[in-house]
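Undergrad: Structure file model_29.csv (CSV, C-alpha atoms and all ligand atoms) right here:
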```
chain,number,residue,atom,x,y,z
A,16,MET,CA,1.5,18.4,26.8
A,17,PRO,CA,2.8,19.0,30.3
A,18,LEU,CA,5.6,16.5,29.7
A,19,ASN,CA,6.9,18.3,26.7
A,20,LEU,CA,6.9,21.5,28.8
A,21,LEU,CA,8.6,19.8,31.6
A,22,SER,CA,11.3,18.5,29.2
A,23,ARG,CA,11.8,22.0,27.6
A,24,MET,CA,11.9,23.8,31.0
A,25,THR,CA,14.4,21.4,32.5
A,26,ARG,CA,16.7,21.1,29.5
A,27,PRO,CA,19.2,23.8,30.4
A,28,LEU,CA,19.4,22.3,34.0
A,29,PHE,CA,20.2,18.9,32.7
A,30,PHE,CA,23.1,20.0,30.4
A,31,THR,CA,21.4,18.2,27.5
A,32,GLN,CA,22.0,19.0,23.9
A,33,SER,CA,19.4,21.0,22.0
A,34,ASP,CA,17.9,17.7,20.8
A,35,GLY,CA,17.4,16.6,24.4
A,36,SER,CA,20.1,14.0,24.5
A,37,PHE,CA,23.0,13.5,26.9
A,38,TRP,CA,23.1,9.9,28.1
A,39,MET,CA,21.3,8.5,25.1
A,40,PRO,CA,21.6,9.1,21.4
A,41,PRO,CA,19.6,12.0,19.9
A,42,ALA,CA,15.9,11.5,20.3
A,43,GLY,CA,14.3,10.0,17.2
A,44,SER,CA,10.8,9.2,18.1
A,45,GLU,CA,7.7,10.9,19.4
A,46,VAL,CA,7.9,9.4,22.8
A,47,ALA,CA,11.6,9.8,23.3
A,48,PRO,CA,11.5,13.4,24.8
A,49,GLN,CA,8.9,12.2,27.3
A,50,VAL,CA,11.1,9.3,28.4
A,51,ASP,CA,14.0,11.6,28.7
A,52,ALA,CA,12.0,14.1,30.8
A,53,VAL,CA,11.0,11.4,33.3
A,54,PHE,CA,14.6,10.0,33.3
A,55,TYR,CA,16.2,13.3,34.0
A,56,PHE,CA,13.6,14.3,36.5
A,57,ILE,CA,14.4,11.2,38.6
A,58,PHE,CA,18.1,11.5,37.9
A,59,TRP,CA,18.3,15.1,39.3
A,60,ILE,CA,16.0,14.4,42.2
A,61,SER,CA,18.4,11.6,43.1
A,62,ALA,CA,21.5,13.7,42.6
A,63,PHE,CA,20.0,16.5,44.7
A,64,PHE,CA,19.2,14.2,47.7
A,65,PHE,CA,22.4,12.4,47.4
A,66,ALA,CA,24.3,15.7,47.7
A,67,LEU,CA,22.1,16.9,50.5
A,68,ILE,CA,22.3,13.7,52.6
A,69,VAL,CA,26.0,13.0,52.1
A,70,GLY,CA,26.7,16.7,52.6
A,71,LEU,CA,24.8,16.8,56.0
A,72,MET,CA,26.4,13.6,57.1
A,73,ILE,CA,29.9,14.9,56.5
A,74,THR,CA,29.0,18.2,58.2
A,75,PHE,CA,27.6,16.5,61.2
A,76,LEU,CA,30.6,14.2,61.5
A,77,PHE,CA,32.7,17.2,61.8
A,78,LEU,CA,30.5,19.3,64.0
A,79,TYR,CA,29.6,16.6,66.5
A,80,ARG,CA,32.9,14.7,66.7
A,81,GLU,CA,34.2,13.6,70.0
A,82,ARG,CA,36.4,16.3,71.7
A,83,LYS,CA,38.4,16.3,74.9
A,84,GLY,CA,36.6,18.0,77.8
A,85,VAL,CA,33.2,18.3,75.9
A,86,GLU,CA,30.4,16.1,77.3
A,87,PRO,CA,28.1,14.6,74.7
A,88,GLY,CA,24.8,16.6,74.6
A,89,LYS,CA,21.4,15.2,74.9
A,90,THR,CA,20.2,13.3,71.8
A,91,ALA,CA,16.9,14.4,70.3
A,92,HIS,CA,14.3,11.5,70.3
A,93,HIS,CA,11.4,12.8,68.4
A,94,ASN,CA,10.6,15.8,66.2
A,95,THR,CA,7.1,15.7,64.6
A,96,ALA,CA,7.7,18.6,62.2
A,97,LEU,CA,10.9,17.1,60.9
A,98,GLU,CA,9.4,13.6,60.5
A,99,LEU,CA,6.3,15.0,58.7
A,100,THR,CA,8.6,16.9,56.3
A,101,TRP,CA,10.7,14.0,55.3
A,102,THR,CA,7.6,11.9,54.8
A,103,ILE,CA,5.4,14.3,52.9
A,104,ILE,CA,8.0,15.7,50.5
A,105,PRO,CA,9.2,12.3,49.2
A,106,SER,CA,5.6,11.1,49.0
A,107,ILE,CA,4.7,14.1,46.7
A,108,LEU,CA,7.8,13.4,44.6
A,109,VAL,CA,6.9,9.7,44.3
A,110,VAL,CA,3.4,10.6,43.2
A,111,ILE,CA,4.8,13.0,40.5
A,112,ILE,CA,7.2,10.4,39.3
A,113,PHE,CA,4.4,7.9,39.1
A,114,TYR,CA,2.1,10.3,37.2
A,115,PHE,CA,4.6,11.1,34.5
A,116,GLY,CA,6.0,7.6,34.4
A,117,PHE,CA,2.6,6.0,34.0
A,118,ARG,CA,1.5,8.5,31.4
A,119,THR,CA,4.6,7.8,29.3
A,120,PHE,CA,4.1,4.1,29.8
A,121,MET,CA,0.6,4.3,28.5
A,122,ASP,CA,1.8,6.3,25.5
A,123,ILE,CA,4.4,3.7,24.7
A,124,THR,CA,2.1,0.8,25.1
A,125,THR,CA,-1.0,2.2,23.3
A,126,PRO,CA,-0.5,2.3,19.5
A,127,PRO,CA,-2.9,4.4,17.4
A,128,LEU,CA,-5.4,2.3,15.4
A,129,ASN,CA,-4.0,3.3,12.0
A,130,ALA,CA,-0.5,2.0,12.8
A,131,TYR,CA,1.6,0.3,10.0
A,132,GLU,CA,2.3,-3.2,11.1
A,133,ILE,CA,5.6,-5.1,10.8
A,134,GLN,CA,6.1,-8.6,12.1
A,135,VAL,CA,9.4,-9.1,13.9
A,136,THR,CA,11.1,-12.4,14.6
A,137,GLY,CA,14.1,-12.7,16.9
A,138,GLN,CA,16.2,-15.8,16.8
A,139,LYS,CA,19.8,-16.8,17.7
A,140,TRP,CA,21.3,-14.4,16.5
A,141,ASN,CA,19.5,-12.1,14.1
A,142,TRP,CA,16.4,-10.1,13.5
A,143,GLU,CA,13.9,-10.6,10.8
A,144,PHE,CA,11.3,-8.0,9.8
A,145,GLN,CA,8.4,-9.0,7.6
A,146,TYR,CA,6.4,-6.3,5.8
A,147,PRO,CA,2.7,-6.5,5.0
A,148,ASN,CA,3.5,-7.6,1.4
A,149,GLY,CA,5.5,-10.6,2.7
A,150,HIS,CA,8.9,-9.1,2.1
A,151,VAL,CA,11.5,-10.2,4.7
A,152,ASN,CA,14.4,-8.0,5.6
A,153,GLY,CA,17.2,-8.1,8.1
A,154,GLU,CA,16.8,-4.3,8.7
A,155,LEU,CA,13.8,-2.5,10.0
A,156,HIS,CA,12.7,0.1,7.4
A,157,VAL,CA,9.9,2.5,8.4
A,158,PRO,CA,8.2,5.6,7.0
A,159,TYR,CA,8.8,8.9,8.7
A,160,ASP,CA,6.2,10.4,11.0
A,161,ARG,CA,3.8,7.5,10.8
A,162,PRO,CA,2.9,5.2,13.7
A,163,VAL,CA,4.5,1.8,13.2
A,164,ARG,CA,3.4,-1.2,15.3
A,165,LEU,CA,5.8,-4.2,15.8
A,166,VAL,CA,4.3,-7.6,16.5
A,167,MET,CA,7.2,-9.6,17.8
A,168,THR,CA,8.0,-13.2,18.6
A,169,SER,CA,11.0,-15.4,19.1
A,170,ARG,CA,11.9,-18.8,17.5
A,171,ASP,CA,14.1,-19.9,20.4
A,172,VAL,CA,14.9,-18.1,23.6
A,173,ILE,CA,14.0,-14.7,25.0
A,174,HIS,CA,15.4,-11.8,23.1
A,175,SER,CA,14.7,-8.1,23.6
A,176,LEU,CA,14.4,-5.5,20.8
A,177,PHE,CA,16.0,-2.2,21.9
A,178,ILE,CA,16.1,0.9,19.8
A,179,PRO,CA,18.0,3.4,21.9
A,180,ALA,CA,17.2,6.5,19.7
A,181,PHE,CA,13.5,5.8,20.0
A,182,ARG,CA,13.8,5.0,23.7
A,183,ILE,CA,11.8,1.8,23.4
A,184,LYS,CA,12.6,-1.7,24.4
A,185,MET,CA,10.5,-4.9,24.6
A,186,ASP,CA,11.1,-8.5,25.3
A,187,VAL,CA,10.6,-10.9,22.4
A,188,VAL,CA,9.4,-14.2,23.8
A,189,PRO,CA,8.9,-17.6,22.2
A,190,GLY,CA,5.3,-18.8,22.0
A,191,ARG,CA,3.6,-15.5,22.2
A,192,TYR,CA,3.5,-12.0,20.6
A,193,SER,CA,4.7,-8.9,22.3
A,194,LYS,CA,4.0,-5.5,20.8
A,195,LEU,CA,5.8,-2.3,20.5
A,196,TRP,CA,5.0,0.9,18.6
A,197,PHE,CA,6.7,4.2,17.7
A,198,ARG,CA,6.5,7.2,15.5
A,199,ALA,CA,9.8,8.1,14.0
A,200,THR,CA,10.5,11.9,14.1
A,201,LYS,CA,13.9,11.8,12.5
A,202,ILE,CA,15.0,10.7,9.1
A,203,GLY,CA,18.2,8.5,9.0
A,204,GLU,CA,19.7,5.3,10.3
A,205,PHE,CA,19.6,4.2,13.9
A,206,ASN,CA,20.9,1.3,15.9
A,207,ALA,CA,18.7,-1.6,17.1
A,208,LEU,CA,20.0,-4.4,19.2
A,209,CYS,CA,19.2,-7.3,21.4
A,210,ALA,CA,19.0,-6.3,25.1
A,211,GLU,CA,18.5,-9.7,26.7
A,212,TYR,CA,21.5,-12.1,27.0
A,213,CYS,CA,20.7,-15.0,24.6
A,214,GLY,CA,23.9,-16.9,24.1
A,215,THR,CA,27.3,-16.6,22.6
A,216,GLY,CA,26.1,-14.5,19.6
A,217,HIS,CA,24.1,-12.0,21.7
A,218,SER,CA,26.4,-9.1,21.1
A,219,ASP,CA,26.2,-9.7,17.4
A,220,MET,CA,22.5,-9.4,17.4
A,221,LEU,CA,22.6,-5.9,15.9
A,222,THR,CA,20.7,-4.3,13.1
A,223,HIS,CA,19.6,-0.9,11.9
A,224,VAL,CA,16.4,1.0,11.7
A,225,VAL,CA,16.1,3.1,8.6
A,226,VAL,CA,13.6,5.9,8.6
A,227,HIS,CA,12.7,6.9,5.1
A,228,GLU,CA,11.7,10.4,3.9
A,229,PRO,CA,8.0,10.9,3.2
A,230,GLY,CA,7.0,8.9,0.2
A,231,GLU,CA,10.4,7.1,0.0
A,232,PHE,CA,9.4,4.1,2.1
A,233,GLU,CA,6.9,2.7,-0.3
A,234,LYS,CA,9.4,3.1,-3.1
A,235,TRP,CA,12.0,1.2,-1.0
A,236,LEU,CA,9.6,-1.6,-0.2
A,237,THR,CA,8.7,-2.1,-3.9
A,238,GLU,CA,12.3,-2.2,-4.9
A,239,ALA,CA,13.4,-4.3,-2.0
A,240,SER,CA,10.6,-6.9,-2.6
A,241,ASP,CA,12.0,-8.0,-5.9
A,242,TRP,CA,15.6,-6.9,-5.9
A,243,MET,CA,16.7,-10.4,-6.8
A,244,LYS,CA,15.2,-10.1,-10.3
A,245,ASP,CA,18.1,-8.0,-11.7
A,246,VAL,CA,20.9,-9.5,-9.8
A,247,PRO,CA,23.0,-12.6,-10.9
A,248,PRO,CA,22.3,-15.5,-8.5
A,249,ALA,CA,25.8,-15.7,-7.0
A,250,GLU,CA,25.8,-12.0,-6.3
A,251,ALA,CA,22.2,-12.2,-4.8
A,252,GLY,CA,23.5,-15.1,-2.7
A,253,LYS,CA,26.3,-12.9,-1.4
A,254,ILE,CA,23.7,-10.2,-0.4
A,255,LEU,CA,21.6,-12.8,1.3
A,256,VAL,CA,24.5,-14.2,3.3
A,257,MET,CA,26.3,-10.9,4.0
A,258,GLY,CA,23.6,-8.2,3.8
A,259,ASP,CA,24.5,-5.0,2.0
A,260,ALA,CA,24.7,-1.3,2.5
A,261,GLN,CA,21.1,-0.8,1.2
A,262,GLY,CA,19.9,-3.4,3.7
A,263,ARG,CA,18.3,-5.3,0.9
A,264,GLY,CA,18.2,-8.9,1.9
A,265,GLY,CA,20.6,-10.0,4.6
A,266,ARG,CA,19.2,-13.2,6.2
A,267,GLY,CA,21.6,-13.3,9.1
A,268,CYS,CA,23.8,-16.1,7.8
A,269,LYS,CA,27.0,-14.1,8.5
A,270,GLN,CA,26.2,-13.9,12.2
A,271,CYS,CA,27.4,-17.5,12.5
A,272,HIS,CA,29.1,-18.5,9.2
A,273,SER,CA,32.2,-16.7,8.0
A,274,VAL,CA,33.1,-16.6,4.3
A,275,ASP,CA,36.9,-16.3,4.9
A,276,GLY,CA,37.7,-19.7,6.4
A,277,ARG,CA,37.4,-18.6,10.0
A,278,SER,CA,35.3,-20.8,12.2
A,279,GLY,CA,32.4,-19.2,14.1
A,280,THR,CA,29.3,-20.4,15.9
A,281,GLY,CA,28.8,-22.4,12.7
A,282,PRO,CA,31.3,-23.7,10.1
A,283,THR,CA,32.7,-21.3,7.5
A,284,LEU,CA,31.2,-21.3,4.0
A,285,LYS,CA,34.5,-20.9,2.4
A,286,GLY,CA,35.9,-23.8,0.3
A,287,ILE,CA,33.2,-26.3,1.3
A,288,PHE,CA,31.5,-26.8,-2.0
A,289,GLY,CA,32.5,-30.1,-3.6
A,290,HIS,CA,34.5,-31.0,-0.6
A,291,GLU,CA,34.0,-33.7,2.0
A,292,VAL,CA,33.0,-32.7,5.6
A,293,VAL,CA,32.8,-34.9,8.6
A,294,MET,CA,29.5,-35.0,10.5
A,295,LYS,CA,29.0,-35.4,14.2
A,296,SER,CA,27.8,-39.0,13.5
A,297,GLY,CA,31.1,-39.7,11.9
A,298,GLU,CA,29.5,-39.8,8.4
A,299,LYS,CA,31.4,-38.1,5.6
A,300,ILE,CA,29.4,-36.0,3.2
A,301,THR,CA,30.3,-34.1,0.1
A,302,VAL,CA,28.9,-30.7,0.1
A,303,ASP,CA,26.5,-30.2,-2.8
A,304,GLU,CA,23.3,-28.4,-3.6
A,305,ASP,CA,21.1,-30.9,-1.7
A,306,TYR,CA,23.3,-30.8,1.4
A,307,ILE,CA,23.1,-27.0,1.5
A,308,ARG,CA,19.4,-26.9,0.9
A,309,GLU,CA,18.8,-29.4,3.7
A,310,SER,CA,21.1,-27.5,6.0
A,311,ILE,CA,19.0,-24.4,5.5
A,312,LEU,CA,15.6,-26.1,5.8
A,313,ASP,CA,16.4,-28.8,8.4
A,314,PRO,CA,19.7,-27.7,10.0
A,315,GLN,CA,19.6,-30.4,12.7
A,316,ALA,CA,19.5,-33.3,10.2
A,317,LYS,CA,23.2,-33.2,9.6
A,318,VAL,CA,25.5,-31.4,12.0
A,319,VAL,CA,29.2,-30.9,11.2
A,320,ALA,CA,31.5,-32.4,13.8
A,321,GLY,CA,32.7,-29.9,16.4
A,322,TYR,CA,29.6,-27.7,16.2
A,323,ASP,CA,26.5,-27.4,18.3
A,324,PRO,CA,23.1,-28.0,16.6
A,325,VAL,CA,21.9,-24.4,17.2
A,326,MET,CA,20.9,-23.2,13.8
A,327,PRO,CA,17.2,-22.5,13.5
A,328,THR,CA,15.3,-23.8,10.5
A,329,TYR,CA,14.4,-21.4,7.6
A,330,LYS,CA,11.6,-23.6,6.5
A,331,GLY,CA,8.6,-21.6,5.4
A,332,ARG,CA,10.5,-18.3,5.4
A,333,ILE,CA,13.0,-18.7,2.6
A,334,LYS,CA,12.1,-18.9,-1.1
A,335,GLU,CA,13.6,-21.6,-3.4
A,336,GLU,CA,15.2,-18.9,-5.5
A,337,GLU,CA,16.9,-17.6,-2.4
A,338,ILE,CA,18.3,-21.0,-1.5
A,339,LYS,CA,19.5,-21.3,-5.1
A,340,ALA,CA,21.2,-18.0,-4.9
A,341,ILE,CA,22.9,-18.9,-1.6
A,342,PHE,CA,24.5,-22.1,-3.0
A,343,GLU,CA,25.5,-20.3,-6.2
A,344,TYR,CA,27.4,-17.9,-3.9
A,345,ILE,CA,28.9,-20.7,-1.8
A,346,LYS,CA,30.2,-22.2,-5.0
A,347,THR,CA,32.2,-19.0,-5.6
A,348,LEU,CA,33.9,-19.2,-2.2
A,349,LYS,CA,36.7,-21.4,-3.4
A,350,ASP,CA,39.6,-22.2,-1.1
A,351,GLU,CA,42.9,-22.3,-2.9
A,352,GLY,CA,45.1,-25.0,-1.5
A,353,SER,CA,43.6,-27.1,1.3
A,354,PRO,CA,40.0,-28.0,1.4
A,355,GLY,CA,38.0,-25.6,3.6
A,356,ASN,CA,37.8,-25.9,7.3
A,357,PRO,CA,34.6,-27.9,7.7
A,401,LIG,CU1,19.1,-12.0,21.3
A,401,LIG,CU2,20.5,-11.3,23.0
```
Would you mind writing the structure in this file as structure tokens?
TA:
Amino acid sequence: MPLNLLSRMTRPLFFTQSDGSFWMPPAGSEVAPQVDAVFYFIFWISAFFFALIVGLMITFLFLYRERKGVEPGKTAHHNTALELTWTIIPSILVVIIFYFGFRTFMDITTPPLNAYEIQVTGQKWNWEFQYPNGHVNGELHVPYDRPVRLVMTSRDVIHSLFIPAFRIKMDVVPGRYSKLWFRATKIGEFNALCAEYCGTGHSDMLTHVVVHEPGEFEKWLTEASDWMKDVPPAEAGKILVMGDAQGRGGRGCKQCHSVDGRSGTGPTLKGIFGHEVVMKSGEKITVDEDYIRESILDPQAKVVAGYDPVMPTYKGRIKEEEIKAIFEYIKTLKDEGSPGNP
């Protein structure tokens, strides 16, 4: 691969670390070194010409400054050799940049046929990853050294999934599917984020990509798919709302709903159960199981006063047992003293 060679040859020049990173986190995908090679190639060409042009400009300013008693010389009007040089050299450089850029672009956009497919949904303001067996997770878990294809869409506005360590980014658009693929070459946990401004919670639209050791991914998926079986409902609800270190089941609730009384994009979940809250319509409602279930499946039906109706519906993508677990958890969030901030 000429690109890999280019990347290896130019590495010492670019002051990059042994893993090829300097501006970006360590490269974690097959395509990352190629992206870096093109990036650094363009970067150093630009740096070279910047230094050359600005250097000459300053030199000429000094050499040809106005001096007493010195008549300005004749100005050169035309120089064919010079003009050909400054046309041909940049043209060649542009063609080289196009060649490597286009090849890398093709590699990024053409997934192998045997790729493992994961459905991605972006919405204000969390990510959902659905695996072939139907399991939904707030984190992207993938096997090591295996092509993974992401089929992505949005429930509301345009988002963009960016995985810096993999050097890939793609817009996630409502009403259509965009695709992205990668092959992870490093085991571990990497950041994934939204790279398209999508509203007040944009900067919270963060998640992780977990690359599993060979064989471990299948194990993870099996365990993750029915983790709720052995967990008491209230505790399972906590994991659904807050997520957990193993990335088992976070459904993104905490992006907007606090559990400590603080008001966010949405009302806090603390101390609401059994208490009365005032709706936008002026109606007063006592929070119970029915209200919580309706708020998850049809969030626009009743909106708490002082909040915007921005919550997306979870209809069709949350199980009854998950809803049950969530209200069991909300019941445990008691507010001693005053009733919770609705
Ligand atoms: Cu989603 Cu920014």
Undergrad: With distances taken over only C-alpha atoms and all ligand atoms, which residue among A:Val319, A:Val187, A:Ala47, A:Met72 lies nearest ligand LIG 401 (chain A)?
TA: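 The closest residue to ligand LIG 401 (chain A) is A:Val187.
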Undergrad: Find the residues near ligand LIG 401 (chain A). Use a cut-off of 10 Å, count all atoms listed in the file, and write them as a list in words.
TA: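 The neighbouring residues of ligand LIG 401 (chain A) are, in order, Gly137, Gln138, Lys139, Trp140, Asn141, Trp142, Ser169, Asp171, Val172, Ile173, His174, Ser175, Leu176, Asp186, Val187, Leu208, Cys209, Ala210, Glu211, Tyr212, Cys213, Gly214, Thr215, Gly216, His217, Ser218, Asp219, Met220 and Leu221 of chain A.
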Undergrad: For the atom pair atom CA of A:Pro189 and atom CA of A:Leu284, what is the interatomic distance in Å to one decimal place?
TA: 29.0 Å
Undergrad: Could you name the residues that touch stretch 183-185 of chain A at 12 Å or less, counting all atoms listed in the file, but leaving out those on the same chain fewer than 2 positions away, as an MDAnalysis selection string?
TA: chainID A and resid 39 42:51 119:120 122:124 135 137 165:169 173:181 187:188 192:199 206:211
Undergrad: Considering all atoms listed in the file, state which residue in the set A:Tyr79, A:Glu231, A:Gly265, A:Phe56 is at the smallest distance from A:Glu154.
TA: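 Ranking A:Tyr79, A:Glu231, A:Gly265, A:Phe56 by distance to A:Glu154, first place goes to A:Gly265.
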Undergrad: What does the distance between atom CA of A:Gly286 and atom CA of A:Val246 come to in Å, to one decimal place?
TA: 23.1 Å
Undergrad: Could you check how far atom CA of A:Lys334 sits from atom CA of A:Val157, in Å to one decimal?
TA: 23.5 Å
Undergrad: For A:His290, which of A:Glu233, A:Ser106, A:Lys346, A:Gln270 is the closest residue, counting all atoms listed in the file?
TA: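 Of A:Glu233, A:Ser106, A:Lys346, A:Gln270, the one nearest A:His290, counting all atoms listed in the file, is A:Lys346.
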Undergrad: Output stretch 106-122 of chain A as a PDB file, keeping the file's coordinate frame, making sure N, CA, C and O atoms are there.
TA:
```pdb
ATOM      1  N   SER A 106       6.852  11.694  49.476  1.00  0.00           N
ATOM      2  CA  SER A 106       5.600  11.100  49.000  1.00  0.00           C
ATOM      3  C   SER A 106       5.105  11.909  47.759  1.00  0.00           C
ATOM      4  O   SER A 106       4.663  11.325  46.762  1.00  0.00           O
ATOM      5  N   ILE A 107       5.168  13.233  47.854  1.00  0.00           N
ATOM      6  CA  ILE A 107       4.700  14.100  46.700  1.00  0.00           C
ATOM      7  C   ILE A 107       5.600  13.758  45.499  1.00  0.00           C
ATOM      8  O   ILE A 107       5.102  13.589  44.387  1.00  0.00           O
ATOM      9  N   LEU A 108       6.922  13.673  45.724  1.00  0.00           N
ATOM     10  CA  LEU A 108       7.800  13.400  44.600  1.00  0.00           C
ATOM     11  C   LEU A 108       7.514  12.047  43.962  1.00  0.00           C
ATOM     12  O   LEU A 108       7.502  11.912  42.738  1.00  0.00           O
ATOM     13  N   VAL A 109       7.235  11.056  44.796  1.00  0.00           N
ATOM     14  CA  VAL A 109       6.900   9.700  44.300  1.00  0.00           C
ATOM     15  C   VAL A 109       5.647   9.761  43.430  1.00  0.00           C
ATOM     16  O   VAL A 109       5.561   9.160  42.361  1.00  0.00           O
ATOM     17  N   VAL A 110       4.656  10.516  43.906  1.00  0.00           N
ATOM     18  CA  VAL A 110       3.400  10.600  43.200  1.00  0.00           C
ATOM     19  C   VAL A 110       3.655  11.313  41.805  1.00  0.00           C
ATOM     20  O   VAL A 110       3.138  10.882  40.767  1.00  0.00           O
ATOM     21  N   ILE A 111       4.485  12.346  41.797  1.00  0.00           N
ATOM     22  CA  ILE A 111       4.800  13.000  40.500  1.00  0.00           C
ATOM     23  C   ILE A 111       5.511  12.082  39.578  1.00  0.00           C
ATOM     24  O   ILE A 111       5.169  11.975  38.399  1.00  0.00           O
ATOM     25  N   ILE A 112       6.496  11.337  40.112  1.00  0.00           N
ATOM     26  CA  ILE A 112       7.200  10.400  39.300  1.00  0.00           C
ATOM     27  C   ILE A 112       6.264   9.340  38.710  1.00  0.00           C
ATOM     28  O   ILE A 112       6.290   9.004  37.524  1.00  0.00           O
ATOM     29  N   PHE A 113       5.362   8.862  39.569  1.00  0.00           N
ATOM     30  CA  PHE A 113       4.400   7.900  39.100  1.00  0.00           C
ATOM     31  C   PHE A 113       3.517   8.435  38.013  1.00  0.00           C
ATOM     32  O   PHE A 113       3.286   7.795  36.979  1.00  0.00           O
ATOM     33  N   TYR A 114       3.033   9.661  38.221  1.00  0.00           N
ATOM     34  CA  TYR A 114       2.100  10.300  37.200  1.00  0.00           C
ATOM     35  C   TYR A 114       2.784  10.352  35.863  1.00  0.00           C
ATOM     36  O   TYR A 114       2.249   9.865  34.871  1.00  0.00           O
ATOM     37  N   PHE A 115       3.964  10.948  35.805  1.00  0.00           N
ATOM     38  CA  PHE A 115       4.600  11.100  34.500  1.00  0.00           C
ATOM     39  C   PHE A 115       5.100   9.763  33.936  1.00  0.00           C
ATOM     40  O   PHE A 115       5.025   9.516  32.736  1.00  0.00           O
ATOM     41  N   GLY A 116       5.575   8.895  34.823  1.00  0.00           N
ATOM     42  CA  GLY A 116       6.000   7.600  34.400  1.00  0.00           C
ATOM     43  C   GLY A 116       4.876   6.770  33.798  1.00  0.00           C
ATOM     44  O   GLY A 116       5.003   6.160  32.730  1.00  0.00           O
ATOM     45  N   PHE A 117       3.729   6.811  34.485  1.00  0.00           N
ATOM     46  CA  PHE A 117       2.600   6.000  34.000  1.00  0.00           C
ATOM     47  C   PHE A 117       2.026   6.572  32.722  1.00  0.00           C
ATOM     48  O   PHE A 117       1.695   5.818  31.803  1.00  0.00           O
ATOM     49  N   ARG A 118       1.962   7.908  32.620  1.00  0.00           N
ATOM     50  CA  ARG A 118       1.500   8.500  31.400  1.00  0.00           C
ATOM     51  C   ARG A 118       2.348   8.117  30.193  1.00  0.00           C
ATOM     52  O   ARG A 118       1.867   7.765  29.122  1.00  0.00           O
ATOM     53  N   THR A 119       3.664   8.188  30.410  1.00  0.00           N
ATOM     54  CA  THR A 119       4.600   7.800  29.300  1.00  0.00           C
ATOM     55  C   THR A 119       4.458   6.341  29.004  1.00  0.00           C
ATOM     56  O   THR A 119       4.442   5.956  27.838  1.00  0.00           O
ATOM     57  N   PHE A 120       4.316   5.515  30.035  1.00  0.00           N
ATOM     58  CA  PHE A 120       4.100   4.100  29.800  1.00  0.00           C
ATOM     59  C   PHE A 120       2.896   3.811  28.971  1.00  0.00           C
ATOM     60  O   PHE A 120       2.919   3.009  28.038  1.00  0.00           O
ATOM     61  N   MET A 121       1.809   4.511  29.284  1.00  0.00           N
ATOM     62  CA  MET A 121       0.600   4.300  28.500  1.00  0.00           C
ATOM     63  C   MET A 121       0.779   4.742  27.061  1.00  0.00           C
ATOM     64  O   MET A 121       0.301   4.088  26.142  1.00  0.00           O
ATOM     65  N   ASP A 122       1.487   5.861  26.869  1.00  0.00           N
ATOM     66  CA  ASP A 122       1.800   6.300  25.500  1.00  0.00           C
ATOM     67  C   ASP A 122       2.578   5.285  24.729  1.00  0.00           C
ATOM     68  O   ASP A 122       2.346   5.039  23.549  1.00  0.00           O
TER      69      ASP A 122
END
```
